[in-house]
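Right, one structure below, let's go through it.
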Amino acid sequence: MVVAIDGPAASGKGTLARRLARHFGYAYLDTGSLYRAVGFAVMQDGGDPADPEAAEAAARALDPAILNDDRLRTDAVAQAASKVAAIPAVRAALLEFQRAFARRPPDGAKGAVLDGRDIGTVVCADADRKMFVTASVDVRAKRRFKELREKGHEVIESAVLQDMKDRDARDAGRTVAPLAPAEDALVLDTSDLDAEQVFTLAVKYVTEGRLG
């Protein structure tokens, strides 16, 4: 069983994907962490994440061991990730890693949950279940602002909102694998739903293949 979950930043897709993986005993891959790791590597080398050559080199040299590094969770790295993700050569370099994870989930798991921006449309276009989790940009910005403040970051809500709008524009406007729901995906708008309501809907969909 392969479950593909896509959606914009701070839509709640990561929280949902991790919880579904635990619930069903599936392996979980946050594909966004791959792009964060690439962006982080370029920044560490003093390069520009928007530079195709530097970004591709970092993607091809990616060490999966860094994927759980807390340094990847800053807003600066998120912005870098959005820039490297718009580079076709970077996406090509990371594509097989993601597909191999879905085909052969680690630790003998009987399924995999992958979340990202193009899992249902490109990476795992033949996934058994596809979801697109979204929310209004204002709601998502408030969520990200609250999350960053709780982690001790000094941030301005208007700046978080603008960063999110910029990132949305990059993700939706890139030429390769733009952010969009797959035609056969279940679209979940979480603007007015809490995490428990979203989880209940998702479990039903994964189990039955429908909500009705």
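Identifiers in the structure tokens: chain A, B, ... in order shown; residue index from 1 per chain; ligand index from 1 in order shown.
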Contact residues around stretch 35-49 of chain A with only C-alpha atoms at 6 Å, ignoring same-chain residues under 6 positions, as a PyMOL selection string: chain A and resi 55+58-59+72+77+80-81+83-84
Filtered DSSP result for stretch 30-93 of chain A, state alpha helix (DSSP H), as a PyMOL selection string: chain A and resi 31-44+52-60+75-84+88-93
Top pick for closest residue to A:Ala50, considering A:Asp115, A:Pro64, A:Pro106, A:Arg170 and counting only C-alpha atoms: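 Looking only at the distances to A:Ala50, the closest residue turns out to be A:Arg170.
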Spatial neighbours of A:Asp30, 9 Å, only C-alpha atoms, chain gap at least 6 places, as a list of chain:residue names: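 Surrounding residues, per the criterion: A:Gly14, A:Ala17, A:Arg18, A:Leu67, A:Val113, A:Leu114, A:Asp115, A:Gly116.
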For the selection you just gave me, I'd like the residues written to a file as a short mmCIF file (atom, residue, chain, number, x, y, z; two decimals), in the first residue's frame, keeping N, CA and C atoms.
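Okay, selection36.cif is ready:
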```cif
data_model
loop_
_atom_site.label_atom_id
_atom_site.label_comp_id
_atom_site.auth_asym_id
_atom_site.auth_seq_id
_atom_site.Cartn_x
_atom_site.Cartn_y
_atom_site.Cartn_z
N GLY A 14 2.15 16.97 6.90
CA GLY A 14 3.21 16.22 7.56
C GLY A 14 2.72 15.55 8.83
N ALA A 17 0.48 12.70 7.77
CA ALA A 17 1.23 11.59 7.18
C ALA A 17 1.92 10.75 8.25
N ARG A 18 2.57 11.43 9.20
CA ARG A 18 3.25 10.69 10.27
C ARG A 18 2.26 9.89 11.11
N LEU A 67 18.76 13.69 7.33
CA LEU A 67 17.35 14.03 7.18
C LEU A 67 16.63 14.34 8.49
N VAL A 113 3.97 5.73 3.48
CA VAL A 113 3.29 7.03 3.37
C VAL A 113 4.35 8.05 3.02
N LEU A 114 4.16 8.74 1.89
CA LEU A 114 5.09 9.77 1.47
C LEU A 114 4.35 11.09 1.40
N ASP A 115 4.92 12.14 1.96
CA ASP A 115 4.28 13.44 1.81
C ASP A 115 5.24 14.42 1.15
N GLY A 116 4.65 15.33 0.37
CA GLY A 116 5.47 16.29 -0.36
C GLY A 116 4.63 17.22 -1.21
#
```
Selection near stretch 125-132 of chain A, 7 Å with only C-alpha atoms, sequence-local residues under 2 positions removed, as a count of residues only: 19
Atomic separation - atom CA of A:Leu95 relative to atom CA of A:Val176, Å: 12.3 Å
Strand (DSSP E) call set, DSSP backbone run, stretch 103-147 of chain A, as an MDAnalysis selection string: chainID A and resid 112:116 129:134
Within 12 Å of A:Lys146 using only C-alpha atoms, minus same-chain residues under 3 positions, as a ChimeraX atom specification: /A:10,139-143,149-157,160-161
d(atom CA of A:Ala112, atom CA of A:Ala27) in Å: 4.6 Å
Nearest to A:Arg73, chosen from A:Ala109, A:Met164, A:Leu34, A:Ala102, with only C-alpha atoms counted in the distances: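 Once distances to A:Arg73 are computed over only C-alpha atoms, the minimum belongs to A:Leu34.
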Nearby residues (only C-alpha atoms) at most 10 Å from A:Ser191, same-chain spacing under 5 positions excluded, as a PyMOL selection string: chain A and resi 11-12+133-140
